[in-house]
file structure_9.tsv (TSV, C-alpha atoms)
chain	number	residue	atom	x	y	z
A	264	MET	CA	1.03	-11.15	4.85
A	265	LYS	CA	3.49	-10.17	2.15
A	266	LEU	CA	7.09	-9.05	1.93
A	267	THR	CA	6.06	-5.42	1.67
A	268	ASP	CA	4.15	-5.64	4.96
A	269	ILE	CA	7.18	-6.22	7.20
A	270	THR	CA	10.25	-4.22	8.20
A	271	GLN	CA	13.82	-5.47	7.96
A	272	ALA	CA	13.86	-5.86	11.74
A	273	GLN	CA	11.13	-8.47	11.34
A	274	TRP	CA	12.88	-10.54	8.68
A	275	SER	CA	14.12	-13.22	11.04
A	276	THR	CA	10.64	-13.91	12.40
A	277	TYR	CA	9.00	-14.69	9.06
A	278	VAL	CA	9.56	-17.08	6.18
A	279	GLY	CA	8.00	-17.50	2.76
A	280	LEU	CA	5.61	-20.44	2.42
A	281	LEU	CA	6.16	-22.79	-0.53
A	282	THR	CA	4.14	-25.55	-2.07
A	283	GLU	CA	5.87	-28.87	-2.70
A	284	VAL	CA	5.99	-28.03	-6.41
A	285	GLN	CA	7.54	-24.62	-5.74
A	286	LYS	CA	10.12	-26.17	-3.47
A	287	ASP	CA	11.19	-28.55	-6.21
A	288	GLU	CA	11.48	-25.65	-8.65
A	289	LEU	CA	13.87	-23.77	-6.37
A	290	ILE	CA	16.27	-26.55	-5.42
A	291	GLY	CA	19.58	-26.13	-7.22
A	292	GLN	CA	18.66	-22.68	-8.52
A	293	GLN	CA	20.31	-19.35	-7.84
A	294	TYR	CA	18.37	-16.41	-6.45
A	295	THR	CA	21.22	-14.10	-7.26
A	296	ALA	CA	24.77	-14.55	-8.49
A	297	ASP	CA	26.52	-17.38	-6.67
A	298	SER	CA	23.76	-17.74	-4.08
A	299	TYR	CA	21.42	-20.72	-4.11
A	300	PHE	CA	17.94	-21.13	-2.72
A	301	ASN	CA	17.79	-23.43	0.29
A	302	PRO	CA	14.22	-24.51	1.04
A	303	ILE	CA	13.85	-26.06	4.47
A	304	GLN	CA	10.99	-27.51	6.50
A	305	ASP	CA	9.68	-25.80	9.61
A	306	ALA	CA	8.31	-27.51	12.72
A	307	ASP	CA	4.96	-28.04	10.97
A	308	ASP	CA	6.72	-29.60	7.96
A	309	ASN	CA	5.89	-26.65	5.75
A	310	TRP	CA	8.47	-25.97	3.04
A	311	VAL	CA	9.77	-22.42	3.43
A	312	ILE	CA	12.51	-20.03	2.30
A	313	SER	CA	13.94	-17.04	4.11
A	314	VAL	CA	12.92	-13.44	3.64
A	315	GLU	CA	16.51	-12.72	2.52
A	316	GLU	CA	16.10	-15.07	-0.45
A	317	MET	CA	12.83	-13.38	-1.35
A	318	GLU	CA	14.12	-9.83	-0.91
A	319	TYR	CA	17.50	-10.35	-2.62
A	320	CYS	CA	16.24	-12.41	-5.53
A	321	THR	CA	17.40	-10.88	-8.80
A	322	ASN	CA	16.81	-13.96	-10.94
A	323	PRO	CA	13.85	-13.02	-13.14
A	324	THR	CA	12.83	-16.65	-13.49
A	325	PHE	CA	12.02	-16.75	-9.79
A	326	ALA	CA	10.69	-13.25	-9.25
A	327	TRP	CA	7.49	-14.95	-8.06
A	328	VAL	CA	9.16	-15.68	-4.70
A	329	LYS	CA	8.75	-12.01	-3.83
A	330	ASP	CA	4.98	-12.56	-3.77
A	331	LEU	CA	4.97	-15.59	-1.48
A	332	ASP	CA	2.76	-15.51	1.57
A	333	LEU	CA	4.72	-15.02	4.78
A	334	ILE	CA	4.20	-17.13	7.89
A	335	SER	CA	5.79	-16.89	11.32
A	336	TYR	CA	8.94	-18.97	11.42
A	337	ASN	CA	8.57	-21.96	13.71
A	338	PRO	CA	11.88	-23.83	13.52
A	339	LYS	CA	12.21	-27.55	13.93
A	340	PRO	CA	13.68	-28.34	17.35
A	341	ALA	CA	17.42	-28.82	17.10
A	342	PRO	CA	18.46	-32.44	17.47
A	343	PRO	CA	20.36	-33.24	20.65
A	344	PHE	CA	24.09	-32.80	20.39
A	345	PRO	CA	26.83	-32.98	22.99
A	346	PRO	CA	26.49	-29.88	25.24
A	347	ILE	CA	29.39	-27.56	26.02
A	348	ASN	CA	31.41	-28.53	29.11
B	416	MET	CA	62.24	-11.19	-26.62
B	417	TYR	CA	59.34	-8.69	-26.59
B	418	TYR	CA	56.82	-11.52	-26.23
B	419	GLY	CA	58.78	-12.92	-23.28
B	420	LEU	CA	58.75	-9.57	-21.48
B	421	LEU	CA	55.04	-9.16	-22.12
B	422	SER	CA	54.36	-12.64	-20.74
B	423	LEU	CA	56.30	-11.85	-17.58
B	424	ALA	CA	54.54	-8.53	-17.09
B	425	SER	CA	51.12	-10.16	-17.39
B	426	LYS	CA	51.77	-12.47	-14.46
B	427	LYS	CA	51.21	-9.69	-11.92
B	428	THR	CA	49.01	-6.67	-11.90
B	429	ALA	CA	51.34	-3.72	-11.58
B	430	GLY	CA	52.32	-3.13	-7.95
B	431	TYR	CA	50.49	-6.15	-6.52
B	432	GLY	CA	51.68	-9.53	-5.36
B	433	THR	CA	50.84	-12.89	-6.85
B	434	LEU	CA	47.89	-13.72	-4.59
B	435	THR	CA	46.39	-10.26	-4.90
B	436	THR	CA	46.80	-10.33	-8.67
B	437	ALA	CA	45.00	-13.66	-8.87
B	438	TRP	CA	42.21	-12.37	-6.62
B	439	ILE	CA	41.79	-9.33	-8.86
B	440	ALA	CA	41.55	-11.58	-11.90
B	441	ALA	CA	38.90	-13.73	-10.21
B	442	THR	CA	36.76	-10.95	-8.77
B	443	GLY	CA	37.30	-7.96	-11.05
B	444	GLU	CA	37.68	-5.77	-7.98
B	445	THR	CA	38.88	-2.23	-8.72
B	446	ASP	CA	38.62	-0.50	-5.35
B	447	THR	CA	42.20	0.54	-4.65
B	448	THR	CA	41.70	0.73	-0.88
B	449	ILE	CA	40.62	-2.92	-0.83
B	450	LEU	CA	43.38	-3.99	-3.18
B	451	GLY	CA	46.02	-2.10	-1.21
B	452	ALA	CA	44.85	-3.75	1.99
B	453	LEU	CA	44.94	-7.19	0.39
B	454	ASN	CA	48.39	-6.57	-0.99
B	455	THR	CA	49.66	-5.57	2.43
B	456	LEU	CA	48.02	-8.65	3.93
B	457	GLU	CA	49.79	-10.82	1.36
B	458	SER	CA	53.09	-9.16	2.12
B	459	ASP	CA	52.63	-9.59	5.87
B	460	LEU	CA	51.66	-13.26	5.61
B	461	THR	CA	54.74	-13.85	3.49
B	462	THR	CA	57.01	-11.99	5.86
B	463	TYR	CA	55.67	-14.01	8.79
B	464	GLY	CA	56.15	-17.28	6.94
B	465	LEU	CA	52.47	-18.20	7.22
B	466	THR	CA	51.42	-18.78	3.63
B	467	SER	CA	52.15	-22.52	3.60
B	468	LYS	CA	50.03	-23.07	6.71
B	469	ILE	CA	46.95	-21.24	5.49
B	470	LYS	CA	44.97	-23.43	3.10
B	471	ALA	CA	42.00	-21.11	2.89
B	472	LEU	CA	41.57	-17.45	3.79
B	473	TYR	CA	38.38	-15.61	2.99
B	474	PRO	CA	38.78	-11.84	3.47
B	475	TYR	CA	35.12	-11.14	2.57
B	476	VAL	CA	35.76	-7.88	0.77
B	477	GLY	CA	34.01	-6.50	-2.26
B	478	GLY	CA	30.48	-6.67	-0.92
B	479	THR	CA	29.00	-9.38	-3.15
B	480	SER	CA	28.48	-13.11	-2.85
B	481	THR	CA	30.72	-13.68	-5.86
B	482	LYS	CA	33.65	-11.70	-4.47
B	483	HIS	CA	33.19	-13.15	-1.00
B	484	SER	CA	33.30	-16.69	-2.34
B	485	TYR	CA	36.97	-16.65	-3.33
B	486	ASN	CA	39.82	-18.10	-1.32
B	487	PHE	CA	42.55	-15.46	-1.23
B	488	MET	CA	45.30	-18.09	-0.90
B	489	ASN	CA	44.22	-19.87	-4.10
B	490	THR	CA	41.27	-18.65	-6.08
B	491	SER	CA	41.03	-22.05	-7.79
B	492	ALA	CA	40.56	-23.94	-4.54
B	493	PHE	CA	37.84	-24.04	-1.89
B	494	GLN	CA	35.52	-21.50	-3.46
B	495	ILE	CA	32.47	-21.12	-1.21
B	496	THR	CA	29.01	-21.99	-2.49
B	497	PHE	CA	26.46	-19.94	-0.61
B	498	TYR	CA	23.04	-21.39	0.17
B	499	GLY	CA	20.03	-19.75	1.76
B	500	GLY	CA	19.61	-16.22	3.07
B	501	TRP	CA	22.95	-14.42	3.30
B	502	THR	CA	23.50	-10.68	3.43
B	503	HIS	CA	26.69	-9.56	1.66
B	504	ASP	CA	28.03	-6.02	2.05
B	505	SER	CA	31.14	-4.02	2.85
B	506	ASN	CA	31.08	-5.45	6.37
B	507	GLY	CA	31.49	-9.00	5.26
B	508	ILE	CA	28.93	-11.80	5.41
B	509	LEU	CA	25.86	-12.22	7.60
B	510	PRO	CA	23.93	-15.51	7.73
B	511	ASN	CA	20.30	-15.34	8.73
B	512	GLY	CA	20.33	-18.10	11.35
B	513	THR	CA	17.46	-19.80	9.53
B	514	ASN	CA	18.80	-21.56	6.44
B	515	ALA	CA	22.02	-19.82	5.39
B	516	TYR	CA	25.25	-21.76	5.11
B	517	GLY	CA	28.32	-21.86	2.89
B	518	ALA	CA	29.91	-25.03	1.56
B	519	THR	CA	33.68	-24.49	1.38
B	520	GLY	CA	34.89	-27.72	-0.20
B	521	TYR	CA	37.65	-27.78	2.41
B	522	ILE	CA	37.93	-31.24	4.01
B	523	PRO	CA	40.46	-31.16	6.87
B	524	ASP	CA	41.47	-34.82	6.50
B	525	ASN	CA	42.21	-34.34	2.81
B	526	ASN	CA	44.31	-31.21	3.11
B	527	GLY	CA	47.08	-32.03	5.51
B	528	ALA	CA	45.28	-31.10	8.71
B	529	SER	CA	44.85	-33.51	11.58
B	530	VAL	CA	43.66	-33.55	15.16
B	531	ASN	CA	47.08	-32.32	16.30
B	532	ASN	CA	47.74	-30.03	13.35
B	533	ASN	CA	45.07	-27.48	12.40
B	534	HIS	CA	43.76	-23.98	12.91
B	535	ILE	CA	40.49	-22.13	12.49
B	536	LEU	CA	40.23	-18.34	12.40
B	537	ILE	CA	36.93	-16.50	12.74
B	538	TYR	CA	36.80	-12.71	12.73
B	539	SER	CA	33.36	-11.87	14.08
B	540	ARG	CA	31.67	-8.50	14.24
B	541	THR	CA	28.80	-9.77	16.38
B	542	ALA	CA	29.45	-9.09	20.03
B	543	SER	CA	26.19	-10.47	21.39
B	544	ALA	CA	25.53	-14.07	22.30
B	545	SER	CA	23.41	-16.15	19.97
B	546	THR	CA	19.71	-15.52	20.41
B	547	SER	CA	18.80	-18.97	19.19
B	548	ALA	CA	17.71	-21.54	21.72
B	549	SER	CA	19.65	-24.07	19.67
B	550	ASP	CA	23.34	-24.65	19.62
B	551	TYR	CA	25.04	-22.93	16.71
B	552	TYR	CA	28.40	-23.15	15.00
B	553	ASP	CA	30.34	-20.51	13.10
B	554	VAL	CA	32.21	-23.16	11.11
B	555	GLY	CA	32.75	-26.88	11.19
B	556	SER	CA	31.99	-30.45	10.28
B	557	GLY	CA	31.80	-33.80	11.97
B	558	ASN	CA	29.72	-36.86	12.72
B	559	ASN	CA	26.49	-37.00	14.68
B	560	SER	CA	27.97	-38.28	17.92
B	561	GLY	CA	30.73	-35.71	18.44
B	562	GLY	CA	33.38	-38.40	18.16
B	563	ILE	CA	34.83	-36.82	15.02
B	564	LEU	CA	34.56	-33.05	15.16
B	565	SER	CA	36.38	-30.02	13.78
B	566	ALA	CA	34.57	-26.79	14.53
B	567	MET	CA	34.41	-23.48	16.31
B	568	PHE	CA	31.71	-21.24	17.77
B	569	THR	CA	32.35	-17.88	19.35
B	570	ARG	CA	29.50	-17.09	21.79
B	571	ARG	CA	26.31	-19.02	22.41
B	572	ILE	CA	23.55	-18.31	24.91
B	573	GLY	CA	25.22	-18.31	28.33
B	574	ASN	CA	28.50	-17.17	26.76
B	575	GLY	CA	29.58	-20.69	25.89
B	576	ALA	CA	32.19	-20.89	23.13
B	577	GLY	CA	34.43	-23.65	21.92
B	578	TYR	CA	37.11	-24.91	19.56
B	579	ASP	CA	36.78	-28.56	18.64
B	580	THR	CA	39.59	-30.71	17.31
B	581	GLY	CA	38.67	-34.37	17.29
B	582	ASP	CA	36.51	-36.03	19.91
B	583	PHE	CA	34.15	-33.69	21.74
B	584	THR	CA	34.40	-35.42	25.12
B	585	ASN	CA	38.20	-35.31	25.32
B	586	ASN	CA	39.22	-32.41	23.10
B	587	ARG	CA	36.74	-29.54	23.24
B	588	ASN	CA	38.51	-26.35	24.31
B	589	ALA	CA	35.68	-24.49	26.02
B	590	PHE	CA	35.86	-20.81	26.89
B	591	TYR	CA	33.41	-18.13	27.96
B	592	PRO	CA	33.84	-14.74	26.27
B	593	THR	CA	31.60	-11.87	27.29
B	594	ASP	CA	32.17	-10.36	23.86
B	595	GLY	CA	31.60	-12.50	20.78
B	596	SER	CA	33.24	-10.03	18.41
B	597	GLY	CA	36.89	-9.98	17.46
B	598	CYS	CA	39.50	-12.17	15.86
B	599	PHE	CA	39.30	-15.69	17.28
B	600	ILE	CA	42.04	-18.18	16.46
B	601	GLY	CA	41.82	-21.78	17.57
B	602	LYS	CA	44.95	-23.81	16.96
B	603	ILE	CA	46.68	-27.06	17.79
B	604	ASN	CA	50.04	-28.53	16.82
B	605	SER	CA	52.18	-31.49	17.74
B	606	ASP	CA	52.44	-30.44	21.38
B	607	LEU	CA	48.81	-31.61	21.77
B	608	THR	CA	47.91	-28.35	23.51
B	609	SER	CA	44.82	-26.73	22.05
B	610	LYS	CA	44.72	-22.95	22.45
B	611	VAL	CA	42.14	-20.35	21.61
B	612	TYR	CA	42.86	-16.64	21.35
B	613	ARG	CA	40.56	-13.66	21.06
B	614	GLN	CA	42.24	-10.48	19.89
B	615	ASN	CA	45.56	-12.19	20.59
B	616	VAL	CA	44.64	-12.80	24.24
B	617	LEU	CA	44.63	-16.44	25.34
B	618	GLN	CA	41.12	-17.55	26.23
B	619	GLY	CA	41.55	-21.23	26.95
B	620	THR	CA	44.00	-24.12	26.87
B	621	LYS	CA	43.21	-27.81	26.62
B	622	SER	CA	45.47	-30.85	26.56
B	623	ILE	CA	44.01	-33.12	23.93
B	624	THR	CA	44.04	-36.78	23.00
B	625	ASN	CA	45.27	-37.47	19.49
B	626	GLN	CA	43.13	-39.58	17.16
B	627	ALA	CA	43.12	-40.80	13.59
B	628	SER	CA	40.57	-38.50	11.92
B	629	LEU	CA	39.87	-34.80	12.26
B	630	SER	CA	36.91	-34.69	9.90
B	631	PRO	CA	36.27	-36.27	6.48
B	632	TRP	CA	33.45	-33.82	5.74
B	633	GLU	CA	33.84	-30.37	4.22
B	634	TYR	CA	33.61	-27.35	6.45
B	635	TYR	CA	30.42	-25.36	6.32
B	636	ILE	CA	30.43	-21.73	7.39
B	637	GLY	CA	27.38	-20.14	8.97
B	638	GLY	CA	26.45	-23.56	10.32
B	639	PHE	CA	27.68	-27.10	10.89
B	640	ASN	CA	28.07	-29.93	8.40
B	641	GLU	CA	26.89	-33.04	10.21
B	642	GLN	CA	27.69	-35.85	7.82
B	643	ASN	CA	26.56	-33.76	4.82
B	644	SER	CA	23.46	-32.40	6.54
B	645	THR	CA	23.33	-28.76	7.66
B	646	LYS	CA	22.49	-27.99	11.25
B	647	TYR	CA	23.04	-25.31	13.91
B	648	TYR	CA	22.76	-22.19	11.79
B	649	SER	CA	24.62	-19.04	12.87
B	650	GLN	CA	23.53	-15.41	12.94
B	651	LYS	CA	27.02	-14.02	13.39
B	652	ARG	CA	28.47	-11.39	11.04
B	653	VAL	CA	31.95	-12.44	9.91
B	654	ILE	CA	34.68	-10.49	8.14
B	655	ALA	CA	37.26	-13.26	7.76
B	656	HIS	CA	37.60	-17.02	7.99
B	657	SER	CA	40.75	-19.09	7.72
B	658	PHE	CA	41.45	-22.83	7.86
B	659	GLY	CA	44.68	-24.72	7.67
B	660	LEU	CA	47.54	-26.29	9.52
B	661	GLY	CA	48.63	-25.87	13.11
B	662	LEU	CA	50.33	-22.68	14.28
B	663	THR	CA	52.86	-21.97	16.98
B	664	ASP	CA	51.98	-19.34	19.53
B	665	THR	CA	54.16	-16.84	17.69
B	666	GLU	CA	52.57	-17.70	14.35
B	667	ALA	CA	49.09	-17.25	15.81
B	668	ALA	CA	50.10	-13.83	17.15
B	669	ASN	CA	51.56	-12.82	13.81
B	670	PHE	CA	48.49	-14.04	11.95
B	671	TYR	CA	46.32	-11.89	14.23
B	672	THR	CA	48.59	-8.89	13.64
B	673	ALA	CA	48.36	-9.26	9.87
B	674	VAL	CA	44.59	-9.77	9.82
B	675	GLN	CA	43.97	-6.96	12.28
B	676	ALA	CA	46.04	-4.54	10.22
B	677	PHE	CA	43.99	-5.57	7.17
B	678	GLN	CA	40.68	-4.95	8.93
B	679	THR	CA	41.89	-1.67	10.39
B	680	THR	CA	42.80	-0.35	6.94
B	681	LEU	CA	39.24	-1.09	5.90
B	682	SER	CA	37.81	0.56	9.06
B	683	ARG	CA	35.94	-2.56	10.13
B	684	ASN	CA	38.21	-3.85	12.84
B	685	VAL	CA	37.07	-4.72	16.35

call {"tool": "encode", "arguments": {"input": "structure_9.tsv", "output": "structure tokens"}}
result
Amino acid sequence: MKLTDITQAQWSTYVGLLTEVQKDELIGQQYTADSYFNPIQDADDNWVISVEEMEYCTNPTFAWVKDLDLISYNPKPAPPFPPIN
Amino acid sequence: MYYGLLSLASKKTAGYGTLTTAWIAATGETDTTILGALNTLESDLTTYGLTSKIKALYPYVGGTSTKHSYNFMNTSAFQITFYGGWTHDSNGILPNGTNAYGATGYIPDNNGASVNNNHILIYSRTASASTSASDYYDVGSGNNSGGILSAMFTRRIGNGAGYDTGDFTNNRNAFYPTDGSGCFIGKINSDLTSKVYRQNVLQGTKSITNQASLSPWEYYIGGFNEQNSTKYYSQKRVIAHSFGLGLTDTEAANFYTAVQAFQTTLSRNV
């Protein structure tokens, strides 16, 4: 599945799948003015970026992110933290 | 003499105050509705005597990540660095809840704030509770045990919300709004009484225990900075953030009045 196959309402349920090499290329780089890529790992330890970073990327050096394969986003479980009273 | 007059004239853009002039210089904004609203905000904050207590104020106007990054109180301090998937438009900033956060550079312990002397303002346009099964934070930083914590979140699953100043166990001011939108102000001063307001209506009061450190880590927005690691991403749309020193009840009310007038001029008020 690609970026062009989903609607904006579906953005939060998908992420772009990266290789380890691609992840290293994106760290510290801007996808548009004053906005940096932030690759994260999902629950299966895949490196991924958000659909927003793919869609809003105007940096020609990283235009390839718009063609990344999309996978369903499976977030890592949040670590335990003090609960609200 | 001519050069002196020219130098004086260049210090302010015609008709605008010092802060607004500096913001114009930083952002290049030309929209006169936005600039008029900012100028009025500056005037109001000055009239209310609030400028020295507000270390950072992000009005999130202009519609771009660059313009949204600037601190209106001092464009040379606490400029936000945005990471991950943010949406920037005329209705402020929207983090994606997946990997979006903003590093502010504002460290409470290093900027005069303390457990009994700080405020956080969040103006949210998201009424609904968080859809994430995880906890989330709109802004904050702290350690991984909750013993040192400075943060705020406006409506989680189950309507839980909170303003944290210091130790979680003793000092969390918990409240339960049924509407997560609006102007939330959490504040504490030397009376050791934490208060949280939504739209200038008191939501919760908590007597706190003072302690040495508020937080030595910079605030993140759109998530929480846990000892320089990002966690608890937010999906809440925000049209203003502020951090700084403690406010009296009257100052908190005046701050709300000024910010609400600003948002109303821009037709994005709650």

call {"tool": "residues_around", "arguments": {"input": "structure_9.tsv", "residues": "Asn309 (chain A)", "least_positions_apart": "6", "cutoff": "10 Å", "atoms": "all atoms listed in the file", "output": "MDAnalysis selection string"}}
result
chainID A and resid 279:283 302:303 334 337

call {"tool": "write_last_selection", "arguments": {"input": "structure_9.tsv", "atoms": "C-alpha atoms", "output": "compact mmCIF listing (two decimals), keeping the file's coordinate frame"}}
result
# COMPACT_ATOMS: atom_id res chain seq x y z
CA GLY A 279 8.00 -17.50 2.76
CA LEU A 280 5.61 -20.44 2.42
CA LEU A 281 6.16 -22.79 -0.53
CA THR A 282 4.14 -25.55 -2.07
CA GLU A 283 5.87 -28.87 -2.70
CA PRO A 302 14.22 -24.51 1.04
CA ILE A 303 13.85 -26.06 4.47
CA ILE A 334 4.20 -17.13 7.89
CA ASN A 337 8.57 -21.96 13.71

call {"tool": "closest_atom_pairs", "arguments": {"input": "structure_9.tsv", "of": "chain B", "to": "chain A", "cutoff": "10 Å", "atoms": "all atoms listed in the file", "output": "tab-separated table"}}
result
residue	atom	partner	partner_atom	distance
B:Thr479	CA	A:Ala296	CA	8.6
B:Ser480	CA	A:Asp297	CA	6.1
B:Thr481	CA	A:Asp297	CA	5.7
B:Lys482	CA	A:Asp297	CA	9.4
B:His483	CA	A:Asp297	CA	9.7
B:Ser484	CA	A:Asp297	CA	8.1
B:Ile495	CA	A:Asp297	CA	8.9
B:Thr496	CA	A:Asp297	CA	6.7
B:Phe497	CA	A:Ser298	CA	4.9
B:Tyr498	CA	A:Tyr299	CA	4.6
B:Gly499	CA	A:Asn301	CA	4.6
B:Gly500	CA	A:Glu315	CA	4.7
B:Trp501	CA	A:Glu315	CA	6.7
B:Thr502	CA	A:Glu315	CA	7.3
B:Pro510	CA	A:Glu315	CA	9.5
B:Asn511	CA	A:Ser275	CA	6.9
B:Gly512	CA	A:Ser275	CA	7.9
B:Thr513	CA	A:Ser313	CA	7.0
B:Asn514	CA	A:Asn301	CA	6.5
B:Ala515	CA	A:Asn301	CA	7.5
B:Tyr516	CA	A:Asn301	CA	9.0
B:Gly517	CA	A:Ser298	CA	9.3
B:Ala548	CA	A:Ala341	CA	8.6
B:Ser549	CA	A:Ala341	CA	5.8
B:Asp550	CA	A:Ala341	CA	7.7
B:Tyr551	CA	A:Ala341	CA	9.6
B:Asn559	CA	A:Phe344	CA	7.5
B:Ser560	CA	A:Phe344	CA	7.2
B:Gly561	CA	A:Pro345	CA	6.6
B:Gly562	CA	A:Pro345	CA	9.8
B:Arg571	CA	A:Ile347	CA	9.8
B:Gly575	CA	A:Ile347	CA	6.9
B:Ala576	CA	A:Ile347	CA	7.8
B:Gly577	CA	A:Ile347	CA	7.6
B:Phe583	CA	A:Pro345	CA	7.5
B:Thr584	CA	A:Pro345	CA	8.2
B:Arg587	CA	A:Asn348	CA	8.0
B:Asn588	CA	A:Asn348	CA	8.8
B:Ala589	CA	A:Asn348	CA	6.6
B:Phe590	CA	A:Asn348	CA	9.2
B:Lys646	CA	A:Ala341	CA	7.8
B:Tyr647	CA	A:Ala341	CA	7.4
B:Gln650	CA	A:Ser275	CA	9.8

call {"tool": "residues_around", "arguments": {"input": "structure_9.tsv", "residues": "Tyr671 (chain B)", "least_positions_apart": "4", "cutoff": "9 Å", "atoms": "all atoms listed in the file", "output": "list in words"}}
result
Cys598, Phe599, Ile600, Gln614, Asn615, Glu666, Ala667, Gln675 and Ala676 of chain B

call {"tool": "residues_around", "arguments": {"input": "structure_9.tsv", "residues": "region 432-439 of chain B", "least_positions_apart": "3", "cutoff": "7 Å", "atoms": "all atoms listed in the file", "output": "NGL selection string"}}
result
:B and (427-428 or 442-444 or 453-454 or 457 or 487-488 or 490)

call {"tool": "atom_distance", "arguments": {"input": "structure_9.tsv", "atom1": "CA of Asn585 (chain B)", "atom2": "CA of Thr624 (chain B)"}}
result
6.5 Å

call {"tool": "axis_aligned_box", "arguments": {"input": "structure_9.tsv", "around": "region 274-280 of chain A", "padding_each_side": "3 Å", "output": "JSON"}}
result
{"center_x": 9.9, "center_y": -15.5, "center_z": 7.4, "size_x": 14.5, "size_y": 15.9, "size_z": 16.0}

call {"tool": "closest_residue", "arguments": {"input": "structure_9.tsv", "among": "A:Ile269, A:Lys329, A:Lys339, A:Trp310", "to": "Ile290 (chain A)", "atoms": "all atoms listed in the file"}}
result
A:Trp310

call {"tool": "atom_distance", "arguments": {"input": "structure_9.tsv", "atom1": "CA of Tyr648 (chain B)", "atom2": "CA of Phe568 (chain B)"}}
result
10.8 Å

call {"tool": "atom_distance", "arguments": {"input": "structure_9.tsv", "atom1": "CA of Ser529 (chain B)", "atom2": "CA of Ser628 (chain B)"}}
result
6.6 Å

call {"tool": "residues_around", "arguments": {"input": "structure_9.tsv", "residues": "region 467-477 of chain B", "least_positions_apart": "6", "cutoff": "10 Å", "atoms": "only C-alpha atoms", "output": "mmCIF file with C-alpha atoms, in the frame of the given file"}}
result
data_model
loop_
_atom_site.group_PDB
_atom_site.id
_atom_site.type_symbol
_atom_site.label_atom_id
_atom_site.label_comp_id
_atom_site.auth_asym_id
_atom_site.auth_seq_id
_atom_site.Cartn_x
_atom_site.Cartn_y
_atom_site.Cartn_z
ATOM 1 C CA THR B 442 36.760 -10.950 -8.770
ATOM 2 C CA GLY B 443 37.300 -7.960 -11.050
ATOM 3 C CA GLU B 444 37.680 -5.770 -7.980
ATOM 4 C CA THR B 445 38.880 -2.230 -8.720
ATOM 5 C CA ASP B 446 38.620 -0.500 -5.350
ATOM 6 C CA ILE B 449 40.620 -2.920 -0.830
ATOM 7 C CA LEU B 450 43.380 -3.990 -3.180
ATOM 8 C CA LEU B 453 44.940 -7.190 0.390
ATOM 9 C CA LEU B 456 48.020 -8.650 3.930
ATOM 10 C CA LEU B 460 51.660 -13.260 5.610
ATOM 11 C CA THR B 461 54.740 -13.850 3.490
ATOM 12 C CA HIS B 483 33.190 -13.150 -1.000
ATOM 13 C CA SER B 484 33.300 -16.690 -2.340
ATOM 14 C CA TYR B 485 36.970 -16.650 -3.330
ATOM 15 C CA ASN B 486 39.820 -18.100 -1.320
ATOM 16 C CA PHE B 487 42.550 -15.460 -1.230
ATOM 17 C CA MET B 488 45.300 -18.090 -0.900
ATOM 18 C CA ASN B 489 44.220 -19.870 -4.100
ATOM 19 C CA THR B 490 41.270 -18.650 -6.080
ATOM 20 C CA ALA B 492 40.560 -23.940 -4.540
ATOM 21 C CA PHE B 493 37.840 -24.040 -1.890
ATOM 22 C CA GLN B 494 35.520 -21.500 -3.460
ATOM 23 C CA ILE B 495 32.470 -21.120 -1.210
ATOM 24 C CA HIS B 503 26.690 -9.560 1.660
ATOM 25 C CA ASP B 504 28.030 -6.020 2.050
ATOM 26 C CA SER B 505 31.140 -4.020 2.850
ATOM 27 C CA ASN B 506 31.080 -5.450 6.370
ATOM 28 C CA GLY B 507 31.490 -9.000 5.260
ATOM 29 C CA ILE B 508 28.930 -11.800 5.410
ATOM 30 C CA THR B 519 33.680 -24.490 1.380
ATOM 31 C CA TYR B 521 37.650 -27.780 2.410
ATOM 32 C CA PRO B 523 40.460 -31.160 6.870
ATOM 33 C CA ASN B 526 44.310 -31.210 3.110
ATOM 34 C CA GLY B 527 47.080 -32.030 5.510
ATOM 35 C CA ALA B 528 45.280 -31.100 8.710
ATOM 36 C CA ASN B 532 47.740 -30.030 13.350
ATOM 37 C CA ASN B 533 45.070 -27.480 12.400
ATOM 38 C CA HIS B 534 43.760 -23.980 12.910
ATOM 39 C CA ILE B 535 40.490 -22.130 12.490
ATOM 40 C CA LEU B 536 40.230 -18.340 12.400
ATOM 41 C CA ILE B 537 36.930 -16.500 12.740
ATOM 42 C CA TYR B 538 36.800 -12.710 12.730
ATOM 43 C CA VAL B 653 31.950 -12.440 9.910
ATOM 44 C CA ILE B 654 34.680 -10.490 8.140
ATOM 45 C CA ALA B 655 37.260 -13.260 7.760
ATOM 46 C CA HIS B 656 37.600 -17.020 7.990
ATOM 47 C CA SER B 657 40.750 -19.090 7.720
ATOM 48 C CA PHE B 658 41.450 -22.830 7.860
ATOM 49 C CA GLY B 659 44.680 -24.720 7.670
ATOM 50 C CA LEU B 660 47.540 -26.290 9.520
ATOM 51 C CA GLY B 661 48.630 -25.870 13.110
ATOM 52 C CA LEU B 662 50.330 -22.680 14.280
ATOM 53 C CA GLU B 666 52.570 -17.700 14.350
ATOM 54 C CA PHE B 670 48.490 -14.040 11.950
ATOM 55 C CA VAL B 674 44.590 -9.770 9.820
ATOM 56 C CA PHE B 677 43.990 -5.570 7.170
ATOM 57 C CA GLN B 678 40.680 -4.950 8.930
ATOM 58 C CA LEU B 681 39.240 -1.090 5.900
#

call {"tool": "closest_residue", "arguments": {"input": "structure_9.tsv", "among": "B:Glu633, B:Asp524, B:Asp606, B:Asp579", "to": "Ser556 (chain B)", "atoms": "all atoms listed in the file"}}
result
B:Glu633
